[in-house]
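Participant: Next comes the structure file model32.txt, holding compact mmCIF, C-alpha atoms and all ligand atoms.
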# COMPACT_ATOMS: atom_id res chain seq x y z
CA ILE A 1 -9.26 -22.33 0.90
CA THR A 2 -10.05 -23.58 -2.61
CA TRP A 3 -12.53 -22.32 -5.20
CA THR A 4 -13.90 -24.24 -8.15
CA GLN A 5 -16.53 -23.22 -10.64
CA GLU A 6 -18.78 -26.10 -9.50
CA GLU A 7 -18.35 -25.94 -5.73
CA GLY A 8 -17.48 -22.31 -4.98
CA TRP A 9 -15.23 -21.76 -1.92
CA HIS A 10 -14.59 -24.92 0.08
CA ASP A 11 -11.97 -26.92 1.99
CA ALA A 12 -10.64 -24.21 4.30
CA ALA A 13 -7.64 -25.49 6.22
CA VAL A 14 -4.80 -24.29 8.41
CA LEU A 15 -1.58 -26.00 7.39
CA PRO A 16 2.01 -25.80 8.63
CA TYR A 17 4.06 -23.34 6.56
CA GLY A 18 5.77 -25.05 3.64
CA PRO A 19 5.81 -25.54 -0.14
CA ILE A 20 2.43 -25.82 -1.84
CA PRO A 21 1.84 -28.37 -4.60
CA MET A 22 1.47 -26.79 -8.02
CA ASP A 23 0.95 -28.22 -11.48
CA PRO A 24 3.46 -26.85 -14.03
CA ALA A 25 0.48 -25.99 -16.29
CA SER A 26 -1.18 -23.95 -13.53
CA SER A 27 -2.70 -20.74 -14.98
CA VAL A 28 -0.97 -18.43 -12.51
CA LEU A 29 2.44 -19.52 -13.76
CA HIS A 30 1.66 -18.59 -17.36
CA TYR A 31 -0.76 -15.67 -17.35
CA GLY A 32 -0.08 -14.06 -13.99
CA GLN A 33 -3.63 -14.42 -12.72
CA GLU A 34 -2.71 -13.50 -9.15
CA ILE A 35 -3.73 -10.84 -6.64
CA PHE A 36 -2.66 -10.05 -3.10
CA GLU A 37 -3.10 -7.85 -0.08
CA GLY A 38 -0.85 -6.57 2.68
CA LEU A 39 -1.91 -5.66 6.22
CA LYS A 40 -0.50 -5.74 9.70
CA ALA A 41 -1.39 -7.05 13.15
CA TYR A 42 -0.28 -4.99 16.15
CA ARG A 43 0.25 -6.04 19.74
CA ARG A 44 -1.21 -3.56 22.19
CA GLU A 45 0.11 -2.87 25.68
CA ASP A 46 -2.53 -5.07 27.30
CA GLY A 47 -1.31 -8.01 25.18
CA SER A 48 -4.30 -8.08 22.83
CA ILE A 49 -3.69 -8.18 19.08
CA VAL A 50 -5.53 -6.04 16.56
CA ALA A 51 -5.55 -5.68 12.78
CA PHE A 52 -6.01 -2.35 11.02
CA ARG A 53 -9.13 -2.14 8.81
CA PRO A 54 -8.94 -5.75 7.53
CA GLU A 55 -12.38 -5.49 5.87
CA GLU A 56 -10.94 -2.77 3.63
CA ASN A 57 -8.30 -5.23 2.45
CA GLY A 58 -11.03 -7.81 1.89
CA ARG A 59 -13.03 -5.37 -0.22
CA ARG A 60 -9.99 -4.30 -2.20
CA LEU A 61 -9.06 -7.94 -2.82
CA ASN A 62 -12.48 -8.38 -4.40
CA ALA A 63 -12.03 -5.30 -6.58
CA SER A 64 -8.72 -6.79 -7.75
CA ALA A 65 -10.42 -10.18 -8.23
CA ARG A 66 -13.00 -8.64 -10.58
CA ARG A 67 -10.30 -7.03 -12.72
CA LEU A 68 -8.24 -10.23 -12.90
CA ALA A 69 -11.27 -12.47 -13.58
CA LEU A 70 -10.74 -14.31 -10.31
CA PRO A 71 -13.60 -15.31 -7.97
CA GLU A 72 -14.61 -12.91 -5.22
CA LEU A 73 -14.20 -14.06 -1.63
CA PRO A 74 -16.82 -13.04 0.96
CA VAL A 75 -15.20 -10.35 3.14
CA ASP A 76 -16.09 -12.21 6.35
CA LEU A 77 -14.19 -15.27 5.08
CA PHE A 78 -11.22 -13.04 4.29
CA VAL A 79 -11.22 -11.56 7.79
CA GLU A 80 -11.78 -14.98 9.34
CA GLY A 81 -8.77 -16.40 7.47
CA VAL A 82 -6.62 -13.54 8.76
CA ARG A 83 -7.97 -13.97 12.30
CA GLN A 84 -7.26 -17.70 12.36
CA LEU A 85 -3.69 -17.21 11.23
CA VAL A 86 -3.05 -14.39 13.73
CA THR A 87 -4.52 -16.52 16.52
CA ILE A 88 -2.29 -19.47 15.67
CA ASP A 89 0.75 -17.24 15.19
CA ALA A 90 -0.01 -15.01 18.20
CA GLU A 91 3.40 -15.69 19.74
CA TRP A 92 5.00 -14.29 16.57
CA VAL A 93 3.32 -10.90 16.91
CA PRO A 94 6.16 -8.85 18.35
CA SER A 95 5.70 -6.04 20.84
CA GLY A 96 7.43 -2.69 20.77
CA GLU A 97 7.61 0.40 18.61
CA ASP A 98 7.03 -0.24 14.90
CA GLN A 99 6.96 -4.02 15.46
CA THR A 100 4.19 -5.91 13.71
CA LEU A 101 3.11 -9.17 12.17
CA TYR A 102 2.84 -8.52 8.43
CA LEU A 103 0.05 -10.51 6.79
CA ARG A 104 0.03 -11.43 3.14
CA PRO A 105 -3.31 -12.77 1.85
CA PHE A 106 -3.19 -13.78 -1.81
CA MET A 107 -5.19 -15.54 -4.46
CA ILE A 108 -3.86 -17.57 -7.36
CA ALA A 109 -5.57 -19.20 -10.34
CA ASP A 110 -4.46 -22.82 -10.33
CA GLU A 111 -6.36 -24.60 -13.00
CA SER A 112 -4.12 -26.84 -15.11
CA PHE A 113 -5.09 -25.48 -18.50
CA LEU A 114 -2.93 -23.84 -21.12
CA GLY A 115 -5.63 -21.99 -23.06
CA VAL A 116 -5.93 -18.28 -22.39
CA ARG A 117 -9.16 -17.87 -20.44
CA ALA A 118 -10.15 -17.21 -16.84
CA ALA A 119 -9.27 -20.21 -14.69
CA GLN A 120 -12.04 -22.29 -13.19
CA ARG A 121 -10.07 -23.12 -10.10
CA ALA A 122 -8.37 -20.81 -7.60
CA ARG A 123 -6.84 -20.82 -4.15
CA PHE A 124 -6.78 -18.16 -1.47
CA LEU A 125 -3.99 -18.32 1.09
CA VAL A 126 -2.69 -16.18 3.94
CA ILE A 127 0.90 -16.22 5.14
CA ALA A 128 2.56 -14.05 7.78
CA SER A 129 5.94 -12.76 8.83
CA PRO A 130 7.08 -10.62 11.78
CA ALA A 131 8.20 -7.19 10.54
CA GLY A 132 10.49 -4.77 12.33
CA ALA A 133 10.76 -1.02 11.95
CA TYR A 134 10.95 0.16 8.34
CA PHE A 135 13.40 2.88 9.32
CA THR A 136 16.23 2.00 11.65
CA GLY A 137 17.67 4.95 13.55
CA GLY A 138 14.65 7.24 13.15
CA VAL A 139 12.45 8.34 10.27
CA LYS A 140 14.55 9.94 7.54
CA PRO A 141 13.38 11.84 4.48
CA VAL A 142 14.13 9.97 1.26
CA SER A 143 14.83 10.85 -2.35
CA ILE A 144 12.53 9.42 -5.00
CA TRP A 145 13.04 8.95 -8.74
CA LEU A 146 10.55 10.01 -11.39
CA SER A 147 10.04 7.33 -14.04
CA ARG A 148 8.76 9.15 -17.13
CA ASP A 149 9.24 6.47 -19.76
CA LEU A 150 8.71 3.23 -17.85
CA ALA A 151 5.19 2.79 -16.46
CA ARG A 152 3.86 0.21 -14.00
CA ALA A 153 0.42 0.18 -15.57
CA GLY A 154 -1.33 1.99 -18.37
CA ARG A 155 -4.76 3.50 -18.74
CA GLY A 156 -7.45 0.79 -18.80
CA GLY A 157 -4.88 -1.70 -17.53
CA THR A 158 -4.55 -3.28 -14.11
CA GLY A 159 -3.11 -0.25 -12.28
CA ALA A 160 -5.95 -0.07 -9.77
CA ALA A 161 -5.69 -3.77 -8.92
CA LYS A 162 -3.18 -5.22 -6.50
CA CYS A 163 -1.89 -7.89 -8.84
CA GLY A 164 1.59 -9.33 -9.10
CA GLY A 165 2.05 -8.13 -12.69
CA ASN A 166 2.02 -4.47 -11.62
CA TYR A 167 4.91 -5.19 -9.30
CA ALA A 168 6.79 -7.17 -11.94
CA SER A 169 6.65 -4.12 -14.21
CA SER A 170 7.84 -1.82 -11.44
CA LEU A 171 10.96 -3.86 -10.61
CA LEU A 172 13.16 -2.42 -13.36
CA PRO A 173 12.14 1.22 -12.71
CA THR A 174 12.74 0.57 -8.99
CA ARG A 175 16.21 -0.73 -9.76
CA ILE A 176 16.91 2.34 -11.90
CA ALA A 177 15.70 4.53 -9.01
CA ALA A 178 18.09 2.73 -6.64
CA GLU A 179 20.96 3.28 -9.09
CA HIS A 180 20.27 7.00 -8.71
CA GLY A 181 20.35 6.70 -4.92
CA CYS A 182 16.57 6.85 -4.59
CA ALA A 183 14.48 4.81 -2.18
CA GLN A 184 11.40 4.53 -4.42
CA VAL A 185 10.24 5.18 -7.94
CA LEU A 186 7.45 7.66 -8.70
CA PHE A 187 5.23 6.80 -11.65
CA CYS A 188 3.39 9.37 -13.67
CA ASP A 189 0.64 9.14 -16.22
CA SER A 190 2.29 7.70 -19.33
CA ALA A 191 0.18 9.91 -21.60
CA THR A 192 0.94 13.30 -20.03
CA GLU A 193 4.32 12.39 -18.48
CA ASP A 194 3.64 15.11 -15.93
CA THR A 195 0.58 14.01 -13.95
CA ILE A 196 1.67 12.08 -10.88
CA ASP A 197 0.22 8.64 -10.15
CA GLU A 198 1.90 6.89 -7.20
CA LEU A 199 5.13 5.30 -6.03
CA GLY A 200 6.15 1.67 -6.52
CA GLY A 201 4.44 0.66 -3.30
CA MET A 202 2.99 3.84 -1.78
CA ASN A 203 0.60 6.70 -2.41
CA LEU A 204 1.82 10.30 -2.49
CA PHE A 205 0.79 13.46 -0.64
CA LEU A 206 1.97 17.07 -0.89
CA VAL A 207 1.38 19.59 1.88
CA GLN A 208 0.25 23.01 0.71
CA ALA A 209 0.74 26.06 2.91
CA GLY A 210 -1.56 29.06 3.15
CA ALA A 211 -0.43 32.69 2.93
CA ASP A 212 0.72 32.52 6.58
CA GLY A 213 3.04 29.60 5.75
CA ALA A 214 1.06 27.14 7.91
CA PRO A 215 -0.25 23.89 6.34
CA ARG A 216 -3.61 24.53 4.70
CA ALA A 217 -4.30 21.50 2.56
CA LEU A 218 -3.16 18.03 1.63
CA LEU A 219 -2.97 17.34 -2.08
CA THR A 220 -3.03 13.77 -3.35
CA PRO A 221 -3.59 12.23 -6.79
CA ARG A 222 -7.23 11.23 -7.23
CA ILE A 223 -8.16 7.56 -7.56
CA ASN A 224 -8.00 7.71 -11.33
CA GLY A 225 -8.41 4.04 -12.24
CA ASN A 226 -4.67 3.67 -12.56
CA ILE A 227 -3.45 3.80 -8.96
CA LEU A 228 -4.05 1.68 -5.89
CA ASP A 229 -6.78 2.87 -3.52
CA GLY A 230 -4.44 2.81 -0.52
CA ILE A 231 -5.93 2.16 2.90
CA THR A 232 -3.27 4.31 4.58
CA ARG A 233 -4.11 7.10 2.10
CA LYS A 234 -7.81 6.81 2.87
CA SER A 235 -7.13 6.84 6.63
CA LEU A 236 -4.83 9.87 6.45
CA ILE A 237 -7.40 11.81 4.44
CA ARG A 238 -9.86 11.20 7.27
CA LEU A 239 -7.41 12.22 9.99
CA ALA A 240 -6.45 15.38 8.09
CA GLU A 241 -10.09 16.34 7.59
CA ASP A 242 -10.72 15.75 11.31
CA ARG A 243 -8.06 18.40 11.94
CA GLY A 244 -9.84 20.85 9.69
CA LEU A 245 -7.32 20.61 6.88
CA ALA A 246 -8.61 20.73 3.32
CA VAL A 247 -7.87 17.60 1.28
CA GLU A 248 -7.76 17.90 -2.49
CA GLU A 249 -7.93 14.62 -4.41
CA ARG A 250 -7.15 15.68 -7.95
CA ASP A 251 -4.59 15.61 -10.73
CA ILE A 252 -1.22 16.87 -9.53
CA THR A 253 1.66 17.54 -11.87
CA VAL A 254 5.42 17.52 -11.45
CA THR A 255 5.32 21.11 -12.69
CA GLU A 256 2.96 22.09 -9.87
CA TRP A 257 5.28 20.41 -7.35
CA ARG A 258 8.33 22.22 -8.76
CA GLU A 259 6.66 25.62 -8.85
CA GLY A 260 5.11 25.14 -5.41
CA VAL A 261 8.44 24.34 -3.78
CA ALA A 262 10.01 27.32 -5.54
CA ASP A 263 7.37 29.80 -4.37
CA GLY A 264 7.00 28.29 -0.90
CA SER A 265 3.41 27.07 -1.31
CA ILE A 266 4.33 23.35 -1.23
CA VAL A 267 6.10 22.79 2.07
CA GLU A 268 6.22 19.02 2.64
CA ALA A 269 5.83 15.79 0.69
CA PHE A 270 5.36 12.26 1.95
CA ALA A 271 4.53 8.78 0.76
CA CYS A 272 2.26 6.40 2.63
CA GLY A 273 1.47 2.72 2.72
CA THR A 274 1.09 -0.20 5.09
CA ALA A 275 4.79 -1.09 5.11
CA ALA A 276 6.35 2.26 6.10
CA VAL A 277 3.19 4.06 7.32
CA ILE A 278 4.50 7.48 6.27
CA THR A 279 7.82 8.20 4.62
CA PRO A 280 8.85 11.86 4.39
CA ILE A 281 10.17 12.83 0.96
CA ARG A 282 13.01 15.27 0.68
CA ARG A 283 13.51 15.44 -3.05
CA LEU A 284 12.25 14.30 -6.40
CA LEU A 285 14.96 13.49 -8.93
CA GLY A 286 14.69 12.45 -12.56
CA GLU A 287 16.19 12.47 -16.04
CA ASP A 288 17.38 15.72 -17.63
CA GLY A 289 18.57 17.08 -14.30
CA LEU A 290 15.14 17.15 -12.66
CA SER A 291 15.66 17.98 -8.97
CA ILE A 292 12.95 19.33 -6.71
CA ASP A 293 14.41 19.66 -3.25
CA PHE A 294 12.98 20.81 0.06
CA GLY A 295 16.47 21.82 1.13
CA GLU A 296 19.57 20.87 2.99
CA GLU A 297 18.10 20.79 6.43
CA ASN A 298 16.81 17.26 5.73
CA SER A 299 14.39 16.95 8.62
CA PRO A 300 10.94 15.38 8.24
CA GLY A 301 8.06 17.85 7.86
CA GLU A 302 6.08 18.71 10.97
CA LEU A 303 2.64 17.79 9.62
CA THR A 304 4.08 14.63 8.07
CA MET A 305 5.43 13.48 11.42
CA SER A 306 2.39 14.46 13.39
CA LEU A 307 0.07 12.51 11.07
CA ARG A 308 2.46 9.57 11.33
CA GLU A 309 2.38 9.75 15.11
CA GLU A 310 -1.41 9.93 15.15
CA LEU A 311 -1.93 6.98 12.82
CA THR A 312 0.60 4.70 14.55
CA GLY A 313 -0.87 5.79 17.90
CA ILE A 314 -4.28 4.52 16.79
CA GLN A 315 -2.78 1.30 15.44
CA TYR A 316 -0.94 0.47 18.69
CA GLY A 317 -3.86 1.50 20.89
CA VAL A 318 -2.22 4.49 22.58
CA ARG A 319 -4.66 6.88 20.89
CA GLU A 320 -8.39 6.60 20.74
CA ASP A 321 -9.68 4.59 17.77
CA ARG A 322 -12.50 7.05 17.13
CA HIS A 323 -13.36 5.71 13.68
CA GLY A 324 -13.53 2.05 14.74
CA TRP A 325 -10.64 1.06 12.48
CA LEU A 326 -9.21 -1.67 14.69
CA SER A 327 -10.48 -5.22 14.58
CA VAL A 328 -9.57 -7.36 17.59
CA MET A 329 -7.93 -10.59 16.44
CA VAL A 330 -6.84 -11.98 19.81
CA THR A 331 -8.12 -10.73 23.17
CA ALA A 332 -5.78 -9.99 26.08
N1 LIG B 401 0.32 1.91 -4.04
C1 LIG B 401 0.91 0.72 -4.28
C2 LIG B 401 1.33 0.41 -5.67
C3 LIG B 401 1.10 -0.21 -3.24
O1 LIG B 401 1.70 -1.39 -3.47
C4 LIG B 401 0.68 0.13 -1.93
C5 LIG B 401 0.90 -0.85 -0.80
N2 LIG B 401 -0.17 -1.77 -0.70
C6 LIG B 401 0.07 1.37 -1.72
C7 LIG B 401 -0.10 2.23 -2.80
C8 LIG B 401 -0.44 1.76 -0.35
O2 LIG B 401 -1.57 1.00 -0.01
P1 LIG B 401 -1.92 0.67 1.50
O3 LIG B 401 -1.95 1.95 2.23
O4 LIG B 401 -3.24 0.01 1.45
O5 LIG B 401 -0.84 -0.21 2.01
Take the structure I supplied and represent it as structure tokens, if you would.
Facilitator:
Amino acid sequence: ITWTQEEGWHDAAVLPYGPIPMDPASSVLHYGQEIFEGLKAYRREDGSIVAFRPEENGRRLNASARRLALPELPVDLFVEGVRQLVTIDAEWVPSGEDQTLYLRPFMIADESFLGVRAAQRARFLVIASPAGAYFTGGVKPVSIWLSRDLARAGRGGTGAAKCGGNYASSLLPTRIAAEHGCAQVLFCDSATEDTIDELGGMNLFLVQAGADGAPRALLTPRINGNILDGITRKSLIRLAEDRGLAVEERDITVTEWREGVADGSIVEAFACGTAAVITPIRRLLGEDGLSIDFGEENSPGELTMSLREELTGIQYGVREDRHGWLSVMVTA
């Protein structure tokens, strides 16, 4: 679907997958005026297909659009675009554990104009791809790498938006993380170098134990204007509160993590996002010998796995969707 200053959104169409025409002077190619979303469609046992909280993605796309000076798209048009694609691609929605159709809605500015100003023409597109299990051979705790000097986004920047530029700036730190044997990079506030923001493509949680050693609270960095307001994060906060766990959305520091693991008050850590749902974290590594490690045993934390099981259970329809998070895309 196309947007122009004069006509607004118009010309919605479903086209066969293939290259899209683009003028070499198109704004997106020069100034990175681009935003995207990521969500999944799940096939339930009765054959129907559902998407998980697609309106949340639509709302977040609009928050990103505002920051990137792109036009907002009515949320019902967003969901309708997703629904049409899932309906047409229904045969590509796989069935089975951890099998999904990954959906990638995105918006690009495509005015042919070399001056630096917000484009007066944009396009919104949705593409899809079947996605298999993120972990093959069971969920395994990963190591992550703390990036103190390289940031993905700075204060007042585009950190809270889901725009391509944030991911461009996280590619090098992610490569450095991989060179240290780490699955993901963890970014921290570039001013304090100790306050944790988020991972390259996931939000972070720590599990705090009470005096009896049992999980008492989930700690997660607050939405501070610099991190993505993750839909998995938001959903897990709800599920944890339903269980009577306290959830603290606040500033968390590497120091607090280190001291908590040492004194036994921080007992689990995990990352969450649409792609991997929940990834248990075993250790945080970084420059100057930083190593915070939950220990040799290397098994995913109990609360981590039980939240993972609950959320995927809701997504695949084997657990009750008591918050009305599922949106039926294709009926059985
Ligand atoms: N932070 C970043 C930087 C991300 O790219 C993602 C993935 N979209 C997340 C967090 C998690 O967000 P969500 O749960 O909505 O997938």
Participant: Can you pull out the residues contacting A:Leu73? Cut-off 10 Å, using only C-alpha atoms, and skip same-chain residues under 4 positions away; I want them as a PDB file with C-alpha atoms, in the coordinates of the input.
Facilitator:
ATOM      1  CA  ILE A   1      -9.260 -22.330   0.900  1.00  0.00           C
ATOM      2  CA  TRP A   3     -12.530 -22.320  -5.200  1.00  0.00           C
ATOM      3  CA  GLY A   8     -17.480 -22.310  -4.980  1.00  0.00           C
ATOM      4  CA  TRP A   9     -15.230 -21.760  -1.920  1.00  0.00           C
ATOM      5  CA  GLY A  58     -11.030  -7.810   1.890  1.00  0.00           C
ATOM      6  CA  ARG A  59     -13.030  -5.370  -0.220  1.00  0.00           C
ATOM      7  CA  LEU A  61      -9.060  -7.940  -2.820  1.00  0.00           C
ATOM      8  CA  ASN A  62     -12.480  -8.380  -4.400  1.00  0.00           C
ATOM      9  CA  ALA A  65     -10.420 -10.180  -8.230  1.00  0.00           C
ATOM     10  CA  LEU A  77     -14.190 -15.270   5.080  1.00  0.00           C
ATOM     11  CA  PHE A  78     -11.220 -13.040   4.290  1.00  0.00           C
ATOM     12  CA  MET A 107      -5.190 -15.540  -4.460  1.00  0.00           C
ATOM     13  CA  PHE A 124      -6.780 -18.160  -1.470  1.00  0.00           C
TER      14      PHE A 124
END
Participant: Compute the set of protein, DNA and RNA residues whose minimum atom distance to ligand LIG 401 (chain B) is at most 10 Å, using only C-alpha atoms and all ligand atoms, and state it as a ChimeraX atom specification.
Facilitator: /A:36-40,53,56-57,60,152-153,159-164,166-167,170,186-187,197-204,226-236,271-278
Participant: Given the choices A:Gln120, A:Ser190, A:Gln184, A:Thr100, which gets closest to A:Arg282 if the distance is worked out from all atoms listed in the file?
Facilitator: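 The closest residue to A:Arg282 is A:Gln184.
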Participant: With all atoms listed in the file counted, which protein, DNA or RNA residues have an atom no more than 9 Å from (8.1, -7.0, 10.9) in the file frame? Please answer as a PyMOL selection string.
Facilitator: chain A and resi 40+93-94+98-102+129-134+275
Participant: Write out as a list in words which residues come within 9 Å of A:Asp251 when counting all atoms listed in the file, dropping same-chain ones fewer than 6 positions away.
Facilitator: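 Everything that qualifies: Thr195, Ile196, Asp197, Leu219, Thr220, Pro221, Arg222 and Asn224 of chain A.
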Participant: Give me, please, the distance in Å between atom CA of A:Glu34 and atom CA of A:Gly225, quoted to one decimal.
Facilitator: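 According to the coordinates, atom CA of A:Glu34 and atom CA of A:Gly225 are separated by 18.7 Å.
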Participant: For stretch 239-249 of chain A, find every residue with an atom within 10 Å (counting only C-alpha atoms), except residues of its own chain fewer than 6 positions away, and show them as a list in words.
Facilitator: Phe205, Leu206, Val207, Gln208, Pro215, Arg216, Ala217, Leu218, Leu219, Thr220, Pro221, Arg222, Ile223, Asn224, Arg233, Leu303, Leu307, Glu310, Leu311 and His323 of chain A
Participant: How would the residues just picked look written out with C-alpha atoms as a PDB file, in the coordinates of the input?
Facilitator:
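Listed below is the output, again_35.pdb:
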ATOM      1  CA  PHE A 205       0.790  13.460  -0.640  1.00  0.00           C
ATOM      2  CA  LEU A 206       1.970  17.070  -0.890  1.00  0.00           C
ATOM      3  CA  VAL A 207       1.380  19.590   1.880  1.00  0.00           C
ATOM      4  CA  GLN A 208       0.250  23.010   0.710  1.00  0.00           C
ATOM      5  CA  PRO A 215      -0.250  23.890   6.340  1.00  0.00           C
ATOM      6  CA  ARG A 216      -3.610  24.530   4.700  1.00  0.00           C
ATOM      7  CA  ALA A 217      -4.300  21.500   2.560  1.00  0.00           C
ATOM      8  CA  LEU A 218      -3.160  18.030   1.630  1.00  0.00           C
ATOM      9  CA  LEU A 219      -2.970  17.340  -2.080  1.00  0.00           C
ATOM     10  CA  THR A 220      -3.030  13.770  -3.350  1.00  0.00           C
ATOM     11  CA  PRO A 221      -3.590  12.230  -6.790  1.00  0.00           C
ATOM     12  CA  ARG A 222      -7.230  11.230  -7.230  1.00  0.00           C
ATOM     13  CA  ILE A 223      -8.160   7.560  -7.560  1.00  0.00           C
ATOM     14  CA  ASN A 224      -8.000   7.710 -11.330  1.00  0.00           C
ATOM     15  CA  ARG A 233      -4.110   7.100   2.100  1.00  0.00           C
ATOM     16  CA  LEU A 303       2.640  17.790   9.620  1.00  0.00           C
ATOM     17  CA  LEU A 307       0.070  12.510  11.070  1.00  0.00           C
ATOM     18  CA  GLU A 310      -1.410   9.930  15.150  1.00  0.00           C
ATOM     19  CA  LEU A 311      -1.930   6.980  12.820  1.00  0.00           C
ATOM     20  CA  HIS A 323     -13.360   5.710  13.680  1.00  0.00           C
TER      21      HIS A 323
END
Participant: Go through A:Ser169, A:Ser64, A:Gln315, A:Ser48 one by one, measure the shortest atom-to-atom distance of each to A:Ala332 using only C-alpha atoms, and give the residue with the smallest value.
Facilitator: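 Closest to A:Ala332 of all the choices is A:Ser48.
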Participant: What does the distance from atom CA of A:Leu68 to atom CA of A:Gly115 come to in Å, to one decimal?
Facilitator: 15.8 Å
Participant: Kindly give the distance, in Å, that separates atom CA of A:Ser26 and atom CA of A:Glu111, rounded to a single decimal.
Facilitator: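 Between these atoms lies a distance of 5.2 Å.
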Participant: I'd like to know which of A:Ala168, A:Ile176, A:Ile20, A:Val318 is closest to A:Ile127, using all atoms listed in the file.
Facilitator: A:Ile20
Participant: Skip A:Asp11 itself and residues of its chain fewer than 4 positions away, then list as a PyMOL selection string all residues within 12 Å of it, counting all atoms listed in the file.
Facilitator: chain A and resi 1-4+7+15+122-125
